[in-house]
Amino acid sequence: MPELRKDPILGRWVIIATERARRPDNFSIQQQESPEEKECPFCEGSESHTPPEIYAVRAEDSAPNKPGWELRVVPSISPFLKIEGELDRRGKGLYDMMSGIGAHEIILETNQHVANICDLTEEHISKVITCYIDRMVDLERDQRFKYVLLFKNYGWAAGAGRTMHSRSQLIATPVTPKRVKEELAGSQKYYDYHERCVFCDLIKQEMDSKERLVLDIDGFIAIAPFASRFPFEIWILPKKHSCDFVRLDFNARLELARIMKKVLLKLKKGLSDPPYNYVIHTAPFRRAKVGFWKTVDEDYHWHIEIIPRLTRVAGFEWGTGFYICPLPPEEAARFLREVEL
Ligand SMILES: [Zn+2]
Ligand SMILES: [Zn+2]
Ligand SMILES: [Zn+2]
């Protein structure tokens with residue numbers, strides 16, 4: 001069973017892997033090179049190579065775990081957290097820990113061996129978005145969980161495995177992740193003072209100045225954030241205020257698919273298909289609890305953060321939490337605006 005451990009100084013939880021732990025001598029640099037691609041376990045026809053599916057969009061006359069699907073969700077074969085078991089919080093001296101309960105699922109975004117989600121059609125990407133939403137809604141019913149982080153690792157340097165088959169992952173956790181908490185706290189503080197959503201204000205300002213605007217399509221904008229941590233960091237935000245990604249309606253899902261495809265295609269064309277990560281930041285599950293703040297619906301605003309992996313985080317970043325971004329976001333935005341699709 002993996003274990004969640006809390007840093008007694010920062011209050012940050014980490015996951016200590018047990019079952020998937022590697023031997024200490026397995027960490028040499030040579031083994032971290034990009035390996036050869038092996039036969040793909042995620043293509044249509046290879047269903048027996050994955051655990052049984054949790055969710056699928058498939059032809060009516062097709063059977064589960066057989067061909068005939070458009071997209072599938074399966075449990076991770078080497079999960080960071082385990083779905084079975086009770087949350088067992090305990091302490092040992094000054095250390096807090098709990099059992100590594102959670103869900104770790106892999107979303108296979110297509111039955112074709114396509115590597116980058118931006119090469120799928122807008123309509124298909126909107127089905128992927130619907131799948132994200134359906135899985136989040138389903139996991140919210142599990143009272144043990146507080147948060148679901150949906151993320152993508154594209155390319156070896158971004159943490160993807162050996163297989164270049166378009167997929168994303170989700171991890172449901174029994175605690176709200178620290179980075180999300182920091183965003184929630186910052187938004188709440190701004191709201192307390194201004195009685196406005198900080199993200200809505202930011203969107204208005206970025207749309208007026210256009211300096212860092214990458215795309216403005218329908219109900220969404222893509223910007224290079226003012227305090228970018230990484231070159232070509234991009235945020236996609238809905239113009240209409242909403243703290244909750246899962247409330248996107250059918251049309252908005254298509255619009256989001258359209259801007260995601262365009263942004264990711266611009267990165268692919270403009271920067272020679274770089275590895276990247278994206279994460280969806282949405283409000284945590286709101287379970288009635290004494291003392292829980294009431295304004296999250298008004299003060300938080302969901303968004304997607306995209307980080308191309310073009311630089312490496314080095315000593316100064318590790319030591320300080322400061323990031324050094326070698327390219328002004330204004331230049332990154334201008335460059336991306338000029339990439340023609
Ligand atoms: Zn494949
Ligand atoms: Zn807002
Ligand atoms: Zn965020």
# chains A, B, ... in the order shown; residues from 1 in each chain; ligands from 1
>>> residues_around(residues="His113 of chain A", least_positions_apart="2", cutoff="8 Å", atoms="only C-alpha atoms", output="VMD selection string")
chain A and resid 40 42 to 43 110 to 111 115 164 to 166
>>> write_last_selection(atoms="all heavy atoms", output="mmCIF file, in the first residue's frame")
data_model
loop_
_atom_site.group_PDB
_atom_site.id
_atom_site.type_symbol
_atom_site.label_atom_id
_atom_site.label_comp_id
_atom_site.auth_asym_id
_atom_site.auth_seq_id
_atom_site.Cartn_x
_atom_site.Cartn_y
_atom_site.Cartn_z
ATOM 1 N N CYS A 40 2.308 -1.091 -29.027
ATOM 2 C CA CYS A 40 1.427 -0.226 -28.241
ATOM 3 C C CYS A 40 0.303 -1.017 -27.568
ATOM 4 O O CYS A 40 -0.477 -1.683 -28.247
ATOM 5 C CB CYS A 40 0.839 0.852 -29.132
ATOM 6 S SG CYS A 40 -0.265 1.936 -28.225
ATOM 7 N N PHE A 42 -2.211 0.341 -26.161
ATOM 8 C CA PHE A 42 -3.388 1.206 -26.052
ATOM 9 C C PHE A 42 -4.193 1.302 -27.337
ATOM 10 O O PHE A 42 -5.230 1.963 -27.376
ATOM 11 C CB PHE A 42 -2.959 2.618 -25.613
ATOM 12 C CG PHE A 42 -2.215 2.642 -24.289
ATOM 13 C CD1 PHE A 42 -1.024 3.352 -24.160
ATOM 14 C CD2 PHE A 42 -2.705 1.953 -23.186
ATOM 15 C CE1 PHE A 42 -0.342 3.373 -22.944
ATOM 16 C CE2 PHE A 42 -2.028 1.974 -21.975
ATOM 17 C CZ PHE A 42 -0.840 2.683 -21.856
ATOM 18 N N CYS A 43 -3.721 0.680 -28.420
ATOM 19 C CA CYS A 43 -4.454 0.744 -29.691
ATOM 20 C C CYS A 43 -5.648 -0.208 -29.656
ATOM 21 O O CYS A 43 -5.673 -1.163 -28.866
ATOM 22 C CB CYS A 43 -3.525 0.379 -30.844
ATOM 23 S SG CYS A 43 -2.435 1.726 -31.347
ATOM 24 N N THR A 110 -7.965 7.983 -27.905
ATOM 25 C CA THR A 110 -8.333 7.534 -29.248
ATOM 26 C C THR A 110 -7.952 6.069 -29.414
ATOM 27 O O THR A 110 -7.043 5.590 -28.725
ATOM 28 C CB THR A 110 -7.622 8.382 -30.337
ATOM 29 O OG1 THR A 110 -7.748 7.735 -31.602
ATOM 30 C CG2 THR A 110 -6.151 8.574 -30.039
ATOM 31 N N ASN A 111 -8.648 5.372 -30.326
ATOM 32 C CA ASN A 111 -8.284 3.978 -30.615
ATOM 33 C C ASN A 111 -7.181 3.900 -31.666
ATOM 34 O O ASN A 111 -6.678 2.834 -31.976
ATOM 35 C CB ASN A 111 -9.521 3.177 -31.048
ATOM 36 C CG ASN A 111 -10.176 3.750 -32.297
ATOM 37 O OD1 ASN A 111 -9.627 4.627 -32.966
ATOM 38 N ND2 ASN A 111 -11.361 3.257 -32.604
ATOM 39 N N ALA A 115 -0.198 10.346 -31.521
ATOM 40 C CA ALA A 115 0.567 10.705 -30.334
ATOM 41 C C ALA A 115 0.009 11.946 -29.635
ATOM 42 O O ALA A 115 -0.157 11.968 -28.422
ATOM 43 C CB ALA A 115 2.034 10.924 -30.714
ATOM 44 N N MET A 164 3.932 6.314 -27.351
ATOM 45 C CA MET A 164 3.425 7.609 -27.820
ATOM 46 C C MET A 164 1.995 7.419 -28.321
ATOM 47 O O MET A 164 1.738 7.450 -29.520
ATOM 48 C CB MET A 164 4.329 8.150 -28.930
ATOM 49 C CG MET A 164 5.706 8.564 -28.450
ATOM 50 S SD MET A 164 5.652 9.929 -27.265
ATOM 51 C CE MET A 164 5.405 11.333 -28.353
ATOM 52 N N HIS A 165 1.073 7.189 -27.391
ATOM 53 C CA HIS A 165 -0.342 7.059 -27.756
ATOM 54 C C HIS A 165 -1.096 8.087 -26.922
ATOM 55 O O HIS A 165 -0.964 8.109 -25.700
ATOM 56 C CB HIS A 165 -0.818 5.628 -27.458
ATOM 57 C CG HIS A 165 -2.218 5.346 -27.918
ATOM 58 N ND1 HIS A 165 -2.526 4.358 -28.811
ATOM 59 C CD2 HIS A 165 -3.387 5.943 -27.603
ATOM 60 C CE1 HIS A 165 -3.838 4.349 -29.024
ATOM 61 N NE2 HIS A 165 -4.381 5.304 -28.296
ATOM 62 N N SER A 166 -1.880 8.921 -27.585
ATOM 63 C CA SER A 166 -2.514 10.057 -26.919
ATOM 64 C C SER A 166 -3.362 9.610 -25.725
ATOM 65 O O SER A 166 -4.314 8.849 -25.860
ATOM 66 C CB SER A 166 -3.394 10.802 -27.926
ATOM 67 O OG SER A 166 -3.919 11.956 -27.319
#
>>> select_by_dssp(residues="segment 112-293 of chain A", states="strand (DSSP E)", output="VMD selection string")
chain A and resid 147 to 154 167 to 173 213 to 217 220 to 223 234 to 238 276 to 281
>>> residues_near_ligand(ligand="ligand 3", cutoff="7 Å", atoms="only C-alpha atoms and all ligand atoms", output="number ranges by chain")
A: 180, 183, 281, 303-305
>>> atom_distance(atom1="atom CA of Arg167 of chain A", atom2="atom CA of Lys152 of chain A")
7.0 Å
>>> residues_around(residues="Ala158 of chain A", least_positions_apart="4", cutoff="8 Å", atoms="only C-alpha atoms", output="list in words")
Asn153, Tyr154, Pro275, Tyr276, Asn277 and Arg309 of chain A
>>> select_by_dssp(residues="segment 136-200 of chain A", states="helix (DSSP H, G or I)", output="PyMOL selection string")
chain A and resi 136-140+156-158+178-194+198-200
>>> write_last_selection(atoms="N, CA, C and O atoms", output="compact mmCIF listing (two decimals), in the first residue's frame")
# COMPACT_ATOMS: atom_id res chain seq x y z
N MET A 136 -14.80 12.82 -13.39
CA MET A 136 -14.73 13.67 -12.19
C MET A 136 -16.03 13.60 -11.40
O MET A 136 -16.02 13.51 -10.18
N VAL A 137 -17.15 13.67 -12.13
CA VAL A 137 -18.46 13.63 -11.47
C VAL A 137 -18.62 12.29 -10.74
O VAL A 137 -19.10 12.23 -9.61
N ASP A 138 -18.20 11.21 -11.38
CA ASP A 138 -18.31 9.89 -10.76
C ASP A 138 -17.44 9.80 -9.50
O ASP A 138 -17.89 9.32 -8.46
N LEU A 139 -16.22 10.32 -9.57
CA LEU A 139 -15.31 10.21 -8.41
C LEU A 139 -15.73 11.11 -7.25
O LEU A 139 -15.41 10.83 -6.10
N GLU A 140 -16.49 12.18 -7.56
CA GLU A 140 -16.96 13.06 -6.49
C GLU A 140 -17.88 12.31 -5.54
O GLU A 140 -17.99 12.66 -4.36
N TRP A 156 8.43 11.96 -23.71
CA TRP A 156 9.24 11.32 -22.69
C TRP A 156 9.71 12.32 -21.63
O TRP A 156 9.61 12.09 -20.43
N ALA A 157 10.18 13.49 -22.09
CA ALA A 157 10.72 14.48 -21.15
C ALA A 157 9.63 15.06 -20.25
O ALA A 157 9.91 15.66 -19.23
N ALA A 158 8.37 14.89 -20.62
CA ALA A 158 7.26 15.40 -19.81
C ALA A 158 6.70 14.31 -18.90
O ALA A 158 5.68 14.51 -18.25
N LYS A 178 -1.46 20.99 -2.45
CA LYS A 178 -0.95 22.27 -1.95
C LYS A 178 -1.03 23.38 -2.99
O LYS A 178 -1.42 24.50 -2.70
N ARG A 179 -0.67 23.07 -4.24
CA ARG A 179 -0.67 24.11 -5.26
C ARG A 179 -2.08 24.65 -5.48
O ARG A 179 -2.29 25.85 -5.66
N VAL A 180 -3.07 23.74 -5.44
CA VAL A 180 -4.46 24.15 -5.62
C VAL A 180 -4.90 24.99 -4.42
O VAL A 180 -5.54 26.03 -4.56
N LYS A 181 -4.52 24.54 -3.23
CA LYS A 181 -4.85 25.30 -2.01
C LYS A 181 -4.32 26.72 -2.07
O LYS A 181 -4.97 27.67 -1.65
N GLU A 182 -3.08 26.85 -2.58
CA GLU A 182 -2.48 28.19 -2.67
C GLU A 182 -3.29 29.08 -3.61
O GLU A 182 -3.51 30.25 -3.33
N GLU A 183 -3.73 28.50 -4.74
CA GLU A 183 -4.56 29.28 -5.67
C GLU A 183 -5.89 29.66 -5.03
O GLU A 183 -6.37 30.78 -5.18
N LEU A 184 -6.49 28.70 -4.32
CA LEU A 184 -7.78 28.96 -3.67
C LEU A 184 -7.64 30.07 -2.63
O LEU A 184 -8.47 30.99 -2.57
N ALA A 185 -6.56 29.99 -1.85
CA ALA A 185 -6.36 30.99 -0.79
C ALA A 185 -6.11 32.37 -1.40
O ALA A 185 -6.66 33.38 -0.93
N GLY A 186 -5.32 32.43 -2.47
CA GLY A 186 -5.02 33.70 -3.13
C GLY A 186 -6.28 34.32 -3.72
O GLY A 186 -6.51 35.52 -3.61
N SER A 187 -7.12 33.48 -4.35
CA SER A 187 -8.35 33.99 -4.96
C SER A 187 -9.31 34.48 -3.90
O SER A 187 -10.00 35.49 -4.07
N GLN A 188 -9.35 33.75 -2.79
CA GLN A 188 -10.26 34.13 -1.70
C GLN A 188 -9.85 35.47 -1.10
O GLN A 188 -10.69 36.33 -0.82
N LYS A 189 -8.54 35.64 -0.94
CA LYS A 189 -8.02 36.88 -0.35
C LYS A 189 -8.38 38.08 -1.24
O LYS A 189 -8.82 39.12 -0.77
N TYR A 190 -8.18 37.92 -2.56
CA TYR A 190 -8.51 38.98 -3.51
C TYR A 190 -10.00 39.29 -3.45
O TYR A 190 -10.41 40.45 -3.44
N TYR A 191 -10.79 38.23 -3.37
CA TYR A 191 -12.25 38.40 -3.34
C TYR A 191 -12.69 39.13 -2.08
O TYR A 191 -13.57 39.99 -2.12
N ASP A 192 -12.09 38.77 -0.96
CA ASP A 192 -12.44 39.41 0.32
C ASP A 192 -12.27 40.91 0.24
O ASP A 192 -13.05 41.68 0.77
N TYR A 193 -11.22 41.34 -0.45
CA TYR A 193 -10.91 42.75 -0.52
C TYR A 193 -11.70 43.47 -1.61
O TYR A 193 -12.26 44.53 -1.40
N HIS A 194 -11.75 42.85 -2.83
CA HIS A 194 -12.34 43.53 -3.99
C HIS A 194 -13.78 43.12 -4.27
O HIS A 194 -14.44 43.75 -5.09
N VAL A 198 -10.51 37.33 -9.06
CA VAL A 198 -9.22 37.79 -9.59
C VAL A 198 -9.01 37.33 -11.03
O VAL A 198 -8.47 38.05 -11.86
N PHE A 199 -9.49 36.14 -11.35
CA PHE A 199 -9.31 35.63 -12.72
C PHE A 199 -10.16 36.42 -13.71
O PHE A 199 -9.72 36.70 -14.82
N CYS A 200 -11.40 36.78 -13.30
CA CYS A 200 -12.25 37.59 -14.18
C CYS A 200 -11.59 38.94 -14.45
O CYS A 200 -11.57 39.43 -15.59
>>> closest_residue(among="A:Ile234, A:Ile259, A:Cys131, A:Ala63", to="Gly219 of chain A", atoms="only C-alpha atoms")
A:Ile259
>>> residues_near_ligand(ligand="ligand 2", cutoff="7 Å", atoms="only C-alpha atoms and all ligand atoms", output="ChimeraX atom specification")
/A:197-200,240-242,298-301
>>> residues_around(residues="Arg337 of chain A", least_positions_apart="5", cutoff="8 Å", atoms="only C-alpha atoms", output="PDB file with N, CA, C and O atoms, in the first residue's frame")
ATOM      1  N   LEU A 213      -1.913  38.056 -25.080  1.00  0.00           N
ATOM      2  CA  LEU A 213      -3.000  37.236 -25.612  1.00  0.00           C
ATOM      3  C   LEU A 213      -2.479  36.347 -26.736  1.00  0.00           C
ATOM      4  O   LEU A 213      -1.823  36.818 -27.657  1.00  0.00           O
ATOM      5  N   VAL A 214      -2.738  35.060 -26.646  1.00  0.00           N
ATOM      6  CA  VAL A 214      -2.340  34.139 -27.714  1.00  0.00           C
ATOM      7  C   VAL A 214      -3.539  33.916 -28.637  1.00  0.00           C
ATOM      8  O   VAL A 214      -3.425  34.024 -29.845  1.00  0.00           O
ATOM      9  N   LEU A 215      -4.688  33.621 -28.063  1.00  0.00           N
ATOM     10  CA  LEU A 215      -5.896  33.391 -28.846  1.00  0.00           C
ATOM     11  C   LEU A 215      -7.113  33.862 -28.055  1.00  0.00           C
ATOM     12  O   LEU A 215      -7.117  33.802 -26.829  1.00  0.00           O
TER      13      LEU A 215
END
>>> closest_residue(among="A:Glu109, A:Asp61, A:Asp25, A:Glu255", to="ligand 1", atoms="only C-alpha atoms and all ligand atoms")
A:Glu109
>>> atom_distance(atom1="atom CA of Pro41 of chain A", atom2="atom CA of Glu105 of chain A")
15.1 Å
>>> closest_residue(among="A:Arg135, A:Arg5, A:Lys92, A:Lys268", to="Leu336 of chain A", atoms="only C-alpha atoms")
A:Lys268
>>> closest_residue(among="A:Pro329, A:Pro24, A:Gly45, A:Gly102", to="ligand 1", atoms="only C-alpha atoms and all ligand atoms")
A:Gly45
>>> residues_around(residues="Ser76 of chain A", least_positions_apart="4", cutoff="10 Å", atoms="only C-alpha atoms", output="PyMOL selection string")
chain A and resi 50-51+80-82+103-107+169-171
>>> write_last_selection(atoms="all heavy atoms", output="tab-separated table (two decimals), in the first residue's frame")
chain	number	residue	atom	x	y	z
A	50	THR	N	-4.58	-4.12	-21.16
A	50	THR	CA	-4.86	-3.13	-20.11
A	50	THR	C	-5.81	-3.77	-19.09
A	50	THR	O	-6.49	-4.73	-19.40
A	50	THR	CB	-5.55	-1.87	-20.69
A	50	THR	OG1	-6.80	-2.26	-21.26
A	50	THR	CG2	-4.70	-1.18	-21.72
A	51	PRO	N	-5.87	-3.23	-17.87
A	51	PRO	CA	-6.89	-3.69	-16.91
A	51	PRO	C	-8.29	-3.42	-17.49
A	51	PRO	O	-8.42	-2.59	-18.40
A	51	PRO	CB	-6.63	-2.84	-15.67
A	51	PRO	CG	-5.26	-2.28	-15.82
A	51	PRO	CD	-5.02	-2.17	-17.30
A	80	PHE	N	-0.27	5.17	-8.51
A	80	PHE	CA	0.42	5.88	-7.42
A	80	PHE	C	-0.37	5.71	-6.13
A	80	PHE	O	0.17	5.78	-5.04
A	80	PHE	CB	0.53	7.37	-7.73
A	80	PHE	CG	1.47	7.67	-8.86
A	80	PHE	CD1	1.01	8.24	-10.03
A	80	PHE	CD2	2.82	7.38	-8.75
A	80	PHE	CE1	1.88	8.53	-11.08
A	80	PHE	CE2	3.69	7.67	-9.79
A	80	PHE	CZ	3.22	8.24	-10.96
A	81	LEU	N	-1.70	5.56	-6.28
A	81	LEU	CA	-2.57	5.43	-5.10
A	81	LEU	C	-3.52	4.27	-5.36
A	81	LEU	O	-3.80	3.93	-6.51
A	81	LEU	CB	-3.36	6.72	-4.88
A	81	LEU	CG	-2.54	7.96	-4.50
A	81	LEU	CD1	-3.37	9.22	-4.63
A	81	LEU	CD2	-1.98	7.83	-3.10
A	82	LYS	N	-4.03	3.67	-4.29
A	82	LYS	CA	-4.88	2.49	-4.42
A	82	LYS	C	-6.33	2.83	-4.13
A	82	LYS	O	-6.64	3.58	-3.21
A	82	LYS	CB	-4.42	1.43	-3.39
A	82	LYS	CG	-3.15	0.71	-3.80
A	82	LYS	CD	-3.48	-0.27	-4.91
A	82	LYS	CE	-2.26	-0.97	-5.43
A	82	LYS	NZ	-1.96	-2.23	-4.85
A	103	ALA	N	-7.61	7.27	-6.58
A	103	ALA	CA	-7.85	6.62	-7.86
A	103	ALA	C	-6.82	7.13	-8.84
A	103	ALA	O	-6.44	8.30	-8.79
A	103	ALA	CB	-9.25	6.95	-8.37
A	104	HIS	N	-6.32	6.26	-9.66
A	104	HIS	CA	-5.35	6.64	-10.70
A	104	HIS	C	-5.81	5.97	-12.00
A	104	HIS	O	-5.76	4.75	-12.12
A	104	HIS	CB	-3.96	6.17	-10.28
A	104	HIS	CG	-2.88	6.63	-11.22
A	104	HIS	ND1	-1.55	6.34	-11.02
A	104	HIS	CD2	-2.93	7.35	-12.37
A	104	HIS	CE1	-0.83	6.87	-12.01
A	104	HIS	NE2	-1.64	7.48	-12.84
A	105	GLU	N	-6.31	6.80	-12.91
A	105	GLU	CA	-6.90	6.26	-14.14
A	105	GLU	C	-6.20	6.83	-15.37
A	105	GLU	O	-5.72	7.96	-15.35
A	105	GLU	CB	-8.40	6.63	-14.19
A	105	GLU	CG	-9.16	6.11	-12.98
A	105	GLU	CD	-10.64	6.49	-12.98
A	105	GLU	OE1	-11.10	7.20	-13.91
A	105	GLU	OE2	-11.34	6.06	-12.03
A	106	ILE	N	-6.21	6.03	-16.42
A	106	ILE	CA	-5.60	6.45	-17.69
A	106	ILE	C	-6.72	6.62	-18.71
A	106	ILE	O	-7.54	5.72	-18.90
A	106	ILE	CB	-4.62	5.37	-18.23
A	106	ILE	CG1	-3.65	4.91	-17.13
A	106	ILE	CG2	-3.86	5.89	-19.46
A	106	ILE	CD1	-2.68	5.93	-16.64
A	107	ILE	N	-6.76	7.79	-19.33
A	107	ILE	CA	-7.78	8.07	-20.33
A	107	ILE	C	-7.15	7.89	-21.71
A	107	ILE	O	-6.30	8.68	-22.12
A	107	ILE	CB	-8.33	9.51	-20.15
A	107	ILE	CG1	-9.05	9.57	-18.80
A	107	ILE	CG2	-9.29	9.88	-21.29
A	107	ILE	CD1	-8.74	10.76	-17.99
A	169	GLN	N	-4.28	11.44	-17.76
A	169	GLN	CA	-4.43	10.68	-16.53
A	169	GLN	C	-5.22	11.51	-15.53
A	169	GLN	O	-5.25	12.73	-15.62
A	169	GLN	CB	-3.06	10.40	-15.90
A	169	GLN	CG	-2.07	9.75	-16.82
A	169	GLN	CD	-0.77	9.40	-16.12
A	169	GLN	OE1	-0.74	8.96	-14.98
A	169	GLN	NE2	0.33	9.60	-16.83
A	170	LEU	N	-5.80	10.82	-14.57
A	170	LEU	CA	-6.36	11.55	-13.44
A	170	LEU	C	-5.97	10.83	-12.17
A	170	LEU	O	-5.80	9.60	-12.16
A	170	LEU	CB	-7.88	11.68	-13.55
A	170	LEU	CG	-8.77	10.47	-13.44
A	170	LEU	CD1	-8.98	10.02	-12.01
A	170	LEU	CD2	-10.13	10.80	-14.04
A	171	ILE	N	-5.77	11.63	-11.14
A	171	ILE	CA	-5.50	11.09	-9.81
A	171	ILE	C	-6.45	11.77	-8.84
A	171	ILE	O	-6.51	13.00	-8.77
A	171	ILE	CB	-4.02	11.31	-9.40
A	171	ILE	CG1	-3.11	10.46	-10.32
A	171	ILE	CG2	-3.80	10.92	-7.94
A	171	ILE	CD1	-1.66	10.44	-9.93
>>> closest_atom_pairs(of="segment 193-301 of chain A", to="segment 310-321 of chain A", cutoff="12 Å", atoms="only C-alpha atoms", output="Markdown table")
| residue | atom | partner | partner_atom | distance |
| --- | --- | --- | --- | --- |
| A:Arg229 | CA | A:Glu317 | CA | 10.0 |
| A:Phe230 | CA | A:Thr311 | CA | 7.5 |
| A:Pro231 | CA | A:Leu310 | CA | 7.2 |
| A:Phe232 | CA | A:Leu310 | CA | 8.7 |
| A:Glu233 | CA | A:Leu310 | CA | 10.1 |
| A:Leu267 | CA | A:Leu310 | CA | 11.2 |
| A:Leu271 | CA | A:Leu310 | CA | 9.2 |
| A:Ser272 | CA | A:Leu310 | CA | 10.9 |
| A:Asp273 | CA | A:Leu310 | CA | 10.7 |
| A:Pro274 | CA | A:Leu310 | CA | 7.2 |
| A:Pro275 | CA | A:Leu310 | CA | 7.7 |
| A:Tyr276 | CA | A:Leu310 | CA | 8.4 |
| A:Asn277 | CA | A:Leu310 | CA | 11.0 |
>>> write_last_selection(atoms="all heavy atoms", output="short mmCIF file (atom, residue, chain, number, x, y, z; two decimals), in the first residue's frame")
data_model
loop_
_atom_site.label_atom_id
_atom_site.label_comp_id
_atom_site.auth_asym_id
_atom_site.auth_seq_id
_atom_site.Cartn_x
_atom_site.Cartn_y
_atom_site.Cartn_z
N ARG A 229 6.20 31.12 -15.33
CA ARG A 229 7.32 30.42 -14.72
C ARG A 229 8.25 29.82 -15.77
O ARG A 229 9.44 29.64 -15.56
CB ARG A 229 6.81 29.28 -13.83
CG ARG A 229 6.08 29.73 -12.60
CD ARG A 229 5.22 28.62 -12.06
NE ARG A 229 4.11 28.33 -12.97
CZ ARG A 229 3.25 27.33 -12.81
NH1 ARG A 229 3.37 26.50 -11.79
NH2 ARG A 229 2.27 27.13 -13.67
N PHE A 230 7.65 29.47 -16.92
CA PHE A 230 8.39 28.75 -17.96
C PHE A 230 8.17 29.44 -19.31
O PHE A 230 7.12 30.05 -19.51
CB PHE A 230 7.88 27.30 -18.05
CG PHE A 230 7.93 26.57 -16.74
CD1 PHE A 230 6.80 26.45 -15.95
CD2 PHE A 230 9.12 26.02 -16.29
CE1 PHE A 230 6.84 25.78 -14.74
CE2 PHE A 230 9.17 25.34 -15.07
CZ PHE A 230 8.04 25.22 -14.29
N PRO A 231 9.15 29.31 -20.25
CA PRO A 231 8.93 29.88 -21.57
C PRO A 231 7.75 29.19 -22.24
O PRO A 231 7.64 27.96 -22.18
CB PRO A 231 10.24 29.59 -22.31
CG PRO A 231 10.92 28.51 -21.55
CD PRO A 231 10.45 28.62 -20.13
N PHE A 232 6.86 29.99 -22.81
CA PHE A 232 5.67 29.49 -23.51
C PHE A 232 4.65 28.82 -22.59
O PHE A 232 3.83 28.04 -23.03
CB PHE A 232 6.04 28.55 -24.68
CG PHE A 232 6.86 29.23 -25.75
CD1 PHE A 232 8.24 29.08 -25.81
CD2 PHE A 232 6.23 30.05 -26.67
CE1 PHE A 232 8.98 29.73 -26.78
CE2 PHE A 232 6.97 30.70 -27.65
CZ PHE A 232 8.35 30.55 -27.71
N GLU A 233 4.73 29.13 -21.29
CA GLU A 233 3.64 28.71 -20.40
C GLU A 233 2.36 29.38 -20.91
O GLU A 233 2.37 30.56 -21.27
CB GLU A 233 3.94 29.17 -18.97
CG GLU A 233 2.80 28.92 -18.01
CD GLU A 233 3.16 29.23 -16.54
OE1 GLU A 233 4.34 29.50 -16.25
OE2 GLU A 233 2.24 29.20 -15.70
N LEU A 267 1.94 25.25 -30.62
CA LEU A 267 3.16 24.79 -29.93
C LEU A 267 3.88 23.77 -30.80
O LEU A 267 5.10 23.81 -30.96
CB LEU A 267 2.82 24.16 -28.58
CG LEU A 267 2.37 25.09 -27.46
CD1 LEU A 267 2.04 24.28 -26.21
CD2 LEU A 267 3.47 26.12 -27.13
N LEU A 271 7.30 25.20 -32.26
CA LEU A 271 8.43 24.80 -31.41
C LEU A 271 8.87 23.35 -31.70
O LEU A 271 9.45 22.69 -30.82
CB LEU A 271 8.06 24.95 -29.93
CG LEU A 271 7.63 26.34 -29.47
CD1 LEU A 271 7.06 26.30 -28.07
CD2 LEU A 271 8.80 27.31 -29.54
N SER A 272 8.58 22.85 -32.88
CA SER A 272 9.01 21.50 -33.30
C SER A 272 8.53 20.41 -32.36
O SER A 272 9.33 19.61 -31.86
CB SER A 272 10.53 21.42 -33.44
OG SER A 272 11.02 22.49 -34.15
N ASP A 273 7.23 20.39 -32.10
CA ASP A 273 6.60 19.30 -31.37
C ASP A 273 7.25 19.03 -29.99
O ASP A 273 7.75 17.94 -29.73
CB ASP A 273 6.67 18.02 -32.22
CG ASP A 273 5.65 16.99 -31.77
OD1 ASP A 273 4.75 17.31 -30.97
OD2 ASP A 273 5.77 15.83 -32.21
N PRO A 274 7.23 20.04 -29.12
CA PRO A 274 7.91 19.85 -27.82
C PRO A 274 7.11 18.96 -26.89
O PRO A 274 5.88 18.85 -27.02
CB PRO A 274 7.92 21.28 -27.25
CG PRO A 274 6.67 21.90 -27.80
CD PRO A 274 6.51 21.32 -29.19
N PRO A 275 7.80 18.30 -25.93
CA PRO A 275 7.05 17.62 -24.87
C PRO A 275 6.31 18.68 -24.05
O PRO A 275 6.76 19.83 -23.99
CB PRO A 275 8.14 16.95 -24.02
CG PRO A 275 9.44 17.49 -24.47
CD PRO A 275 9.25 18.25 -25.74
N TYR A 276 5.18 18.33 -23.48
CA TYR A 276 4.47 19.31 -22.64
C TYR A 276 3.62 18.58 -21.61
O TYR A 276 3.35 17.39 -21.72
CB TYR A 276 3.58 20.24 -23.51
CG TYR A 276 2.44 19.55 -24.25
CD1 TYR A 276 1.22 19.29 -23.62
CD2 TYR A 276 2.58 19.16 -25.57
CE1 TYR A 276 0.19 18.66 -24.29
CE2 TYR A 276 1.55 18.52 -26.26
CZ TYR A 276 0.35 18.27 -25.61
OH TYR A 276 -0.66 17.63 -26.27
N ASN A 277 3.23 19.35 -20.60
CA ASN A 277 2.23 18.89 -19.63
C ASN A 277 1.08 19.88 -19.65
O ASN A 277 1.29 21.05 -19.90
CB ASN A 277 2.81 18.88 -18.20
CG ASN A 277 4.00 17.96 -18.05
OD1 ASN A 277 5.14 18.41 -17.98
ND2 ASN A 277 3.75 16.66 -18.04
#
>>> atom_distance(atom1="atom CA of Gly11 of chain A", atom2="atom CA of Leu94 of chain A")
11.8 Å
